[in-house]
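Taking it in order: structure first as structure tokens, then the write-up.
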Amino acid sequence: MTPPDDTADQAPAQLSPAAAQFSAALQVLTERVTVDRATLIEAFRQALPGSASGEDARRALATLLYEVAEHGIISLPTARTKWDAGRPALPEQIRVPGAAPTKSPTPRKPVSWRPELNWAYNAQLTASQTEDLLAVNRWFRDTHNHPDRRARLSLRERSYEIFRQEKRLDTLITGALFAPGRLTLDQLATYREPPPLAYRRLGDGDTVLVVENSDTYATLRDLLTPDPGHVGYIAFGAGRAFEASVENLAELAGIHRIVYYGDLDAEGIAIPARASINGLQHGLPPIEPATGLYRLLLSHEATAGDIIADDRAQSLVAWLPEELQQSAHTLLAQGQRLAQEATNRNELRAESHWR
């Protein structure tokens, strides 16, 4: 399969599937603007019980918190004293700027909620949430005896049918209406369509190598084709698209390892960490760094990038192997980056220890 260009037809970045679930659970548990650590952990446990009980739970929670914060849904503390001493550090509390100090009970007037929405009788929802729920209630009512209208549709097709707005559900699935015990995508007979994942079968190995950018994907594909070793497939991650397209890897038979190679900058490291959390929800193994390739990349001279705060840098590099974490942390903290294209075809052909 031939990958598309990196920049072709890319939509604005959305919350990764796992972060959307976490955001929804957090918002329904939020009763005031300031949210304590216990509430954060409870939202994490409700939304993603598998990740919350795993050995990488701290790293996964830190990854989700930073992602949700980057989308402006929550604010993380700026004072170091508001963070614990763990690695990566976690905040003692956060702020949810959009949280209403008080919420009006719903409904404001008598409504006969469909059985799927019985929880709404005792819910504390805003006026906007109530209006959205009324639209969903009408859809449940109108499709109750019409199995053909309950046939599965993609998220934006279903969203247009219910709200006459194709992107409305994109927003709602990150909020309180989709918290655990409330609405689900299955109830609406819909699903988030993961972006297509371009890949090439190389051999019989049990490993899939995912590469962030298209030129490096093509280079590694060509170099590995004659002797793929343990690499059974090579896939084109296409930047942030991989956070959702990782689900497609579940269709590849005989895959027991997923390794990833991307840029060494904040976004390049965050992508596989986020994708790994989503992949775990679909029965996939955790995503590992392609250590040999990252080691080779770190031997190159860095270029200018964004200065990353110490706690954020610490959280990011926790995904990398321990032997590379300090070098990567220094890189980020000094406002530098390394593009994976620095390890070009000529170098990778001449070297062999990256395999």
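Chain lettering (A, B, ...) mirrors the order of the structure tokens, residue numbering begins at 1 for each chain separately, and ligand numbering begins at 1 in order of display.
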Identify, on the basis of only C-alpha atoms, every residue whose closest approach to A:Leu293 does not exceed 9 Å; exclude the query and any residue fewer than 3 positions from it along the same chain; express the result as a list in words. Tyr261, Pro289, Ala290, Leu296, Leu297, Leu298, Gln340, Thr343, Leu348, His353, Trp354 and Arg355 of chain A
Grab the residues selected above and save them as a short mmCIF file (atom, residue, chain, number, x, y, z; two decimals), in the first residue's frame with N, CA, C and O atoms.
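What ended up in selection-v6.cif:
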data_model
loop_
_atom_site.label_atom_id
_atom_site.label_comp_id
_atom_site.auth_asym_id
_atom_site.auth_seq_id
_atom_site.Cartn_x
_atom_site.Cartn_y
_atom_site.Cartn_z
N TYR A 261 8.88 4.66 15.42
CA TYR A 261 9.99 5.58 15.20
C TYR A 261 9.43 6.89 14.67
O TYR A 261 8.74 6.92 13.65
N PRO A 289 9.38 1.95 21.81
CA PRO A 289 10.25 2.75 20.94
C PRO A 289 11.20 1.86 20.15
O PRO A 289 11.65 0.83 20.64
N ALA A 290 11.49 2.26 18.92
CA ALA A 290 12.50 1.57 18.10
C ALA A 290 13.87 2.06 18.58
O ALA A 290 14.44 3.00 18.02
N LEU A 296 20.46 6.13 17.11
CA LEU A 296 21.16 6.70 15.96
C LEU A 296 20.74 8.15 15.74
O LEU A 296 21.57 9.02 15.46
N LEU A 297 19.46 8.44 15.90
CA LEU A 297 18.96 9.81 15.72
C LEU A 297 19.62 10.77 16.71
O LEU A 297 19.97 11.90 16.37
N LEU A 298 19.80 10.31 17.94
CA LEU A 298 20.39 11.17 18.98
C LEU A 298 21.88 11.45 18.74
O LEU A 298 22.45 12.32 19.40
N GLN A 340 13.24 12.87 12.31
CA GLN A 340 13.69 11.52 11.98
C GLN A 340 14.36 11.45 10.62
O GLN A 340 15.15 10.54 10.36
N THR A 343 18.21 10.70 10.01
CA THR A 343 18.74 9.37 9.73
C THR A 343 18.29 8.99 8.32
O THR A 343 17.29 8.32 8.12
N LEU A 348 21.37 4.92 6.96
CA LEU A 348 20.73 3.68 7.39
C LEU A 348 21.21 2.49 6.57
O LEU A 348 21.28 1.36 7.07
N HIS A 353 23.39 -1.49 13.04
CA HIS A 353 23.03 -1.74 14.43
C HIS A 353 21.64 -1.21 14.81
O HIS A 353 21.14 -1.48 15.89
N TRP A 354 21.02 -0.43 13.91
CA TRP A 354 19.67 0.07 14.20
C TRP A 354 18.61 -0.99 14.02
O TRP A 354 17.49 -0.86 14.50
N ARG A 355 18.94 -2.08 13.33
CA ARG A 355 17.94 -3.09 13.00
C ARG A 355 17.49 -3.85 14.25
O ARG A 355 18.28 -4.15 15.11
#
Name the residues of stretch 69-178 of chain A that come out as strand (DSSP E) in a backbone DSSP run; write them as a ChimeraX atom specification. /A:93-95,153-154
Written file, previous selection with N, CA, C and O atoms, as a CSV table (one decimal), in the first residue's frame:
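out-v8.csv, freshly written:
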chain,number,residue,atom,x,y,z
A,93,GLN,N,-3.7,18.7,42.1
A,93,GLN,CA,-5.0,19.1,41.7
A,93,GLN,C,-4.9,19.8,40.3
A,93,GLN,O,-3.9,20.2,39.9
A,94,ILE,N,-6.1,20.0,39.7
A,94,ILE,CA,-6.1,20.7,38.4
A,94,ILE,C,-7.3,21.6,38.4
A,94,ILE,O,-8.1,21.6,39.4
A,95,ARG,N,-7.5,22.4,37.4
A,95,ARG,CA,-8.6,23.3,37.3
A,95,ARG,C,-9.4,23.0,36.0
A,95,ARG,O,-8.7,22.7,35.0
A,153,LEU,N,-23.9,3.6,11.6
A,153,LEU,CA,-23.4,4.6,10.8
A,153,LEU,C,-22.1,5.2,11.5
A,153,LEU,O,-21.9,5.1,12.7
A,154,SER,N,-21.2,5.8,10.7
A,154,SER,CA,-20.1,6.4,11.2
A,154,SER,C,-20.5,7.6,12.1
A,154,SER,O,-21.6,8.1,12.0
Please return as a PyMOL selection string: the residues of stretch 265-335 of chain A that backbone DSSP assigns to helix (DSSP H, G or I). chain A and resi 266-280+291-297+310-317+322-333
Which of these residues is nearest to A:Ser128, using only C-alpha atoms: A:Ala57, A:Ala89, A:Leu172, A:Leu220? A:Leu172
For each of A:Ile41, A:Ala20, A:Val136, A:Val246, take the minimum atom-to-atom distance to A:Glu116, counting only C-alpha atoms, then give the residue where this is smallest.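 Checking each of A:Ile41, A:Ala20, A:Val136, A:Val246 against A:Glu116, counting only C-alpha atoms, the winner is A:Val136.
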Distance atom CA of A:Ala127-atom CA of A:Pro97, one decimal place? 17.7 Å
Two-atom distance - atom CA of A:Tyr121, atom CA of A:Asn137 (Å):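 So the two atoms, atom CA of A:Tyr121 and atom CA of A:Asn137, lie 12.4 Å apart.
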